[in-house]
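Structure file run03.tsv (TSV, C-alpha atoms) is printed below.
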```tsv
chain	number	residue	atom	x	y	z
A	1	MET	CA	-8.37	18.03	22.18
A	2	GLU	CA	-5.28	16.41	20.70
A	3	LEU	CA	-5.59	12.63	20.55
A	4	SER	CA	-3.22	9.82	19.72
A	5	PHE	CA	-4.39	6.35	18.73
A	6	ARG	CA	-2.88	2.91	19.00
A	7	ILE	CA	-3.87	-0.73	19.24
A	8	ALA	CA	-3.93	-2.11	22.78
A	9	VAL	CA	-1.41	-4.65	24.02
A	10	ASP	CA	-1.60	-6.90	27.07
A	11	HIS	CA	-0.32	-4.32	29.56
A	12	ASP	CA	-3.19	-1.97	28.59
A	13	ALA	CA	-5.88	-4.39	29.81
A	14	GLY	CA	-6.25	-2.87	33.27
A	15	ALA	CA	-6.71	0.66	31.95
A	16	VAL	CA	-9.24	-0.48	29.33
A	17	ALA	CA	-11.22	-2.45	31.93
A	18	GLY	CA	-11.15	0.60	34.20
A	19	LEU	CA	-12.50	2.91	31.49
A	20	ARG	CA	-15.22	0.47	30.40
A	21	SER	CA	-16.29	0.03	34.03
A	22	GLU	CA	-16.29	3.78	34.65
A	23	VAL	CA	-18.58	4.29	31.65
A	24	ALA	CA	-20.88	1.43	32.80
A	25	GLN	CA	-21.18	3.05	36.23
A	26	ASP	CA	-21.95	6.42	34.65
A	27	LEU	CA	-24.65	4.92	32.40
A	28	THR	CA	-26.18	3.12	35.38
A	29	ARG	CA	-26.22	6.35	37.39
A	30	ARG	CA	-27.87	8.23	34.51
A	31	TYR	CA	-30.29	5.60	33.15
A	32	GLY	CA	-30.67	3.02	35.90
A	33	PRO	CA	-29.47	-0.58	35.89
A	34	GLY	CA	-29.50	-2.57	32.66
A	35	HIS	CA	-27.30	-4.74	30.45
A	36	TRP	CA	-24.93	-1.76	30.23
A	37	SER	CA	-24.25	-1.97	33.98
A	38	SER	CA	-21.77	-4.86	33.88
A	39	THR	CA	-18.25	-4.21	35.08
A	40	ALA	CA	-15.39	-5.04	32.73
A	41	THR	CA	-12.59	-7.28	33.95
A	42	GLU	CA	-8.92	-7.23	33.09
A	43	ARG	CA	-9.18	-10.91	32.14
A	44	GLY	CA	-12.02	-10.18	29.71
A	45	VAL	CA	-10.12	-7.29	28.14
A	46	LEU	CA	-7.02	-9.49	27.75
A	47	ARG	CA	-9.19	-11.97	25.82
A	48	ASP	CA	-10.44	-9.09	23.63
A	49	ILE	CA	-6.88	-7.88	22.97
A	50	ARG	CA	-5.81	-11.38	21.92
A	51	THR	CA	-8.81	-12.13	19.66
A	52	SER	CA	-9.55	-8.74	18.09
A	53	ARG	CA	-8.21	-5.21	17.81
A	54	VAL	CA	-8.85	-2.92	20.74
A	55	LEU	CA	-8.31	0.71	19.77
A	56	LEU	CA	-7.10	3.19	22.37
A	57	ALA	CA	-7.59	6.96	22.19
A	58	CYS	CA	-5.23	8.85	24.48
A	59	HIS	CA	-4.89	12.47	25.49
A	60	GLY	CA	-1.29	12.64	26.59
A	61	LYS	CA	-0.87	9.53	28.74
A	62	ARG	CA	-4.53	9.38	29.75
A	63	LEU	CA	-6.83	6.80	28.14
A	64	VAL	CA	-9.95	8.72	27.11
A	65	GLY	CA	-11.64	6.38	24.65
A	66	THR	CA	-11.66	2.82	23.41
A	67	LEU	CA	-13.52	0.47	21.09
A	68	ARG	CA	-13.08	-3.06	19.82
A	69	LEU	CA	-13.17	-4.37	16.25
A	70	ALA	CA	-13.66	-8.08	15.66
A	71	THR	CA	-14.43	-10.44	12.82
A	72	LYS	CA	-16.54	-12.73	15.02
A	73	ARG	CA	-20.23	-11.78	14.97
A	74	PRO	CA	-21.71	-11.00	18.39
A	75	TRP	CA	-24.62	-13.25	19.33
A	76	ALA	CA	-27.13	-10.41	19.40
A	77	ILE	CA	-26.53	-9.43	15.77
A	78	ASP	CA	-28.78	-11.05	13.18
A	79	PRO	CA	-27.06	-10.85	9.75
A	80	ALA	CA	-30.45	-10.93	7.97
A	81	PHE	CA	-30.88	-7.20	8.70
A	82	PHE	CA	-27.69	-6.09	6.95
A	83	SER	CA	-26.31	-5.56	3.46
A	84	LEU	CA	-24.70	-8.48	1.68
A	85	CYS	CA	-20.96	-8.17	2.39
A	86	ASN	CA	-18.07	-10.61	2.28
A	87	ARG	CA	-15.79	-9.08	4.92
A	88	VAL	CA	-17.45	-7.54	7.96
A	89	LEU	CA	-16.06	-6.11	11.19
A	90	TYR	CA	-18.12	-5.76	14.33
A	91	LEU	CA	-17.67	-2.77	16.59
A	92	THR	CA	-18.26	-3.41	20.29
A	93	ASP	CA	-17.28	-2.07	23.69
A	94	MET	CA	-17.04	1.58	22.68
A	95	ALA	CA	-16.41	3.82	25.67
A	96	VAL	CA	-15.51	7.50	26.09
A	97	ALA	CA	-14.55	8.80	29.51
A	98	PRO	CA	-17.47	10.42	31.35
A	99	GLY	CA	-16.95	14.15	31.52
A	100	LEU	CA	-15.21	14.13	28.15
A	101	GLN	CA	-18.18	12.96	26.08
A	102	GLY	CA	-19.46	15.42	23.51
A	103	GLN	CA	-15.96	16.70	22.70
A	104	GLY	CA	-15.37	14.68	19.51
A	105	ILE	CA	-13.45	11.77	21.03
A	106	GLY	CA	-16.05	9.19	19.97
A	107	ARG	CA	-16.23	10.62	16.45
A	108	HIS	CA	-12.43	10.43	16.15
A	109	CYS	CA	-12.47	6.85	17.44
A	110	LEU	CA	-14.99	5.87	14.78
A	111	LYS	CA	-12.90	7.55	12.07
A	112	GLN	CA	-9.87	5.54	13.25
A	113	ALA	CA	-11.98	2.38	13.24
A	114	GLU	CA	-12.98	3.13	9.66
A	115	THR	CA	-9.33	3.57	8.66
A	116	ILE	CA	-8.41	0.27	10.33
A	117	ALA	CA	-11.33	-1.46	8.63
A	118	VAL	CA	-10.35	-0.28	5.16
A	119	VAL	CA	-6.80	-1.55	5.66
A	120	TRP	CA	-7.96	-4.81	7.32
A	121	PRO	CA	-9.72	-5.05	4.63
A	122	ALA	CA	-13.42	-5.00	5.40
A	123	ASP	CA	-16.53	-4.05	3.43
A	124	ALA	CA	-18.58	-2.87	6.40
A	125	ILE	CA	-18.61	-2.12	10.10
A	126	ARG	CA	-21.66	-3.29	12.04
A	127	LEU	CA	-22.81	-2.77	15.59
A	128	ASP	CA	-25.77	-3.04	17.87
A	129	ALA	CA	-26.76	-0.32	20.31
A	130	TYR	CA	-29.31	-0.18	23.07
A	131	GLU	CA	-32.51	1.54	22.03
A	132	GLY	CA	-32.93	5.03	23.51
A	133	PRO	CA	-30.42	7.55	24.84
A	134	VAL	CA	-28.31	4.92	26.60
A	135	GLY	CA	-27.46	3.39	23.21
A	136	ALA	CA	-26.19	6.56	21.51
A	137	GLY	CA	-27.99	5.75	18.25
A	138	GLU	CA	-28.24	9.41	17.30
A	139	PHE	CA	-24.45	9.64	17.65
A	140	TYR	CA	-23.87	6.66	15.32
A	141	THR	CA	-26.25	8.15	12.76
A	142	LYS	CA	-24.38	11.49	12.85
A	143	CYS	CA	-21.16	9.55	12.24
A	144	GLY	CA	-22.50	8.02	9.01
A	145	PHE	CA	-23.88	4.71	10.24
A	146	GLN	CA	-27.27	3.70	8.88
A	147	GLU	CA	-29.94	2.05	10.97
A	148	ARG	CA	-30.66	-1.46	9.66
A	149	GLY	CA	-33.25	-2.76	12.08
A	150	ARG	CA	-34.66	-3.04	15.58
A	151	VAL	CA	-34.93	-6.24	17.57
A	152	THR	CA	-35.48	-7.52	21.07
A	153	TYR	CA	-32.64	-9.70	22.29
A	154	ARG	CA	-32.99	-11.27	25.74
A	155	ARG	CA	-35.70	-8.73	26.65
A	156	THR	CA	-33.46	-5.82	25.62
A	157	ARG	CA	-34.37	-3.53	22.73
A	158	LEU	CA	-31.46	-3.15	20.30
A	159	VAL	CA	-30.90	-1.11	17.17
A	160	TYR	CA	-28.58	-2.40	14.42
A	161	TYR	CA	-26.28	0.01	12.59
A	162	GLU	CA	-23.99	-0.43	9.60
A	163	LEU	CA	-21.35	1.62	7.84
A	164	LEU	CA	-20.59	0.45	4.30
A	165	LEU	CA	-16.96	1.05	3.33
A	166	SER	CA	-16.97	0.39	-0.41
```

Kindly return the structure encoded in the file as structure tokens.
Amino acid sequence: MELSFRIAVDHDAGAVAGLRSEVAQDLTRRYGPGHWSSTATERGVLRDIRTSRVLLACHGKRLVGTLRLATKRPWAIDPAFFSLCNRVLYLTDMAVAPGLQGQGIGRHCLKQAETIAVVWPADAIRLDAYEGPVGAGEFYTKCGFQERGRVTYRRTRLVYYELLLS
């Protein structure tokens, strides 16, 4: 599948919120309700676009994947589990359109994120994922991320992952 990538701008917020919500609904259907079940809002995505970099993966004009890179550490991430780095980016809100998962879109998104991070510049990309199949930990491992720890945050089991860039 041929993909093009770009950084989201304000007028992309509705499409990004739609894709994130579609993925949340799919995860809820497959795994039951959980923290992953929340619906994204256009307002929330606009905030993301203005405070971080939201990457879009498109097939033609269709948005098929997205992720967000930010310098602000998410609350659920405990830095004590990670390597000592000066410049870190946090990857959140990754979503690939249901029905298109398993076709390399997520892998290409992560490669683009790595390219952005090197230019930013950053020393590492970190993320947390839900424990079990809903969290896609096996996928992150296949893409070169290393597991750094497991924690319970607000009664939810999380796995920390890190990709060192230097």

Please tabulate, as CSV, the residues of segment 67-100 of chain A that come within 10 Å of segment 128-142 of chain A, each with its closest pair of atoms and the distance in Å to one decimal, counting all atoms listed in the file and ordering rows by chain, then residue number upward.
```
residue,atom,partner,partner_atom,distance
A:Pro74,CA,A:Asp128,CA,9.0
A:Ala76,CA,A:Asp128,CA,7.6
A:Ile77,CA,A:Asp128,CA,6.8
A:Asp78,CA,A:Asp128,CA,9.8
A:Tyr90,CA,A:Asp128,CA,8.9
A:Leu91,CA,A:Asp128,CA,8.2
A:Thr92,CA,A:Asp128,CA,7.9
```

Q) Excluding same-chain residues fewer than 6 positions from segment 9-21 of chain A, what lies within 6 Å of it counting only C-alpha atoms, as a ChimeraX atom specification? A) /A:39-42,45-46,95

Q.
Here is a test: counting only C-alpha atoms, which residue of A:Ala57, A:Val151, A:Val23, A:Ala124 is nearest to Asp93 of chain A?
A.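 Counting only C-alpha atoms, the residue closest to Asp93 of chain A is A:Val23.
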
Q.
I need the residue nearest Leu69 of chain A from this list: A:Arg148, A:Arg126, A:Arg47, A:Arg107. Use only C-alpha atoms for the distance.
A.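 Closest residue, counting only C-alpha atoms: A:Arg126.
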
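Across the structure, atom CA of Gln146 of chain A and atom CA of Cys109 of chain A are spaced 17.4 Å apart.
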
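Taking atom CA of Trp36 of chain A and atom CA of Leu165 of chain A as the two end points, the separation is 28.2 Å.
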
Q | Å distance separating atom CA of Thr152 of chain A from atom CA of Ala113 of chain A, one decimal place | A |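 Distance reported for this atom pair: 26.7 Å.
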
Q: Show which residues sit within 9 Å of segment 99-101 of chain A, as a list in words. Count all atoms listed in the file, and ignore same-chain residues fewer than 4 positions away.
A: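 That gives Val64, Ile105 and Gly106 of chain A.
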
Q. Which one is closest to His35 of chain A: A:Phe82, A:Tyr153, A:Phe145, A:Phe5? Count all atoms listed in the file.
A.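 Distance minimum relative to His35 of chain A lands on A:Tyr153.
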
Q.
Considering all atoms listed in the file, can you say which of A:Ala8, A:Val54, A:Val96, A:Ile125 comes closest to Arg73 of chain A?
A. A:Ile125

**Q.** Nearest to Arg29 of chain A by atom-to-atom distance, counting all atoms listed in the file, from A:Arg53, A:Pro98, A:Ser4, A:Leu89
**A.** A:Pro98

Just need the box for segment 120-126 of chain A, edges along x, y and z, holding every atom the file lists for it with 6 Å tacked onto each side, so centre and edge lengths in Å to one decimal, as lines of an AutoDock Vina configuration file.
```
center_x = -14.8
center_y = -3.6
center_z = 7.7
size_x = 25.7
size_y = 14.9
size_z = 20.6
```

**Q.** Top pick for closest residue to His108 of chain A, considering A:Tyr31, A:Arg150, A:Met1, A:Asn86 and counting all atoms listed in the file
**A.**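 Checking each of A:Tyr31, A:Arg150, A:Met1, A:Asn86 against His108 of chain A, counting all atoms listed in the file, the winner is A:Met1.
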
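Those residues that approach Gly149 of chain A to within 9 Å, counting all atoms listed in the file, are Phe81, Phe82, Leu158, Val159, Tyr160 and Tyr161 of chain A; same-chain residues fewer than 5 positions away are not listed.
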
Q: List the residues sitting within 10 Å of (-13.2, -4.8, 4.6) in the file's frame, using only C-alpha atoms, as a ChimeraX atom specification.
A: /A:85-89,114,116-125,164-166

I need the chosen residues saved as a PDB file, in the coordinates of the input, with C-alpha atoms.
```pdb
ATOM      1  CA  CYS A  85     -20.960  -8.170   2.390  1.00  0.00           C
ATOM      2  CA  ASN A  86     -18.070 -10.610   2.280  1.00  0.00           C
ATOM      3  CA  ARG A  87     -15.790  -9.080   4.920  1.00  0.00           C
ATOM      4  CA  VAL A  88     -17.450  -7.540   7.960  1.00  0.00           C
ATOM      5  CA  LEU A  89     -16.060  -6.110  11.190  1.00  0.00           C
ATOM      6  CA  GLU A 114     -12.980   3.130   9.660  1.00  0.00           C
ATOM      7  CA  ILE A 116      -8.410   0.270  10.330  1.00  0.00           C
ATOM      8  CA  ALA A 117     -11.330  -1.460   8.630  1.00  0.00           C
ATOM      9  CA  VAL A 118     -10.350  -0.280   5.160  1.00  0.00           C
ATOM     10  CA  VAL A 119      -6.800  -1.550   5.660  1.00  0.00           C
ATOM     11  CA  TRP A 120      -7.960  -4.810   7.320  1.00  0.00           C
ATOM     12  CA  PRO A 121      -9.720  -5.050   4.630  1.00  0.00           C
ATOM     13  CA  ALA A 122     -13.420  -5.000   5.400  1.00  0.00           C
ATOM     14  CA  ASP A 123     -16.530  -4.050   3.430  1.00  0.00           C
ATOM     15  CA  ALA A 124     -18.580  -2.870   6.400  1.00  0.00           C
ATOM     16  CA  ILE A 125     -18.610  -2.120  10.100  1.00  0.00           C
ATOM     17  CA  LEU A 164     -20.590   0.450   4.300  1.00  0.00           C
ATOM     18  CA  LEU A 165     -16.960   1.050   3.330  1.00  0.00           C
ATOM     19  CA  SER A 166     -16.970   0.390  -0.410  1.00  0.00           C
TER      20      SER A 166
END
```
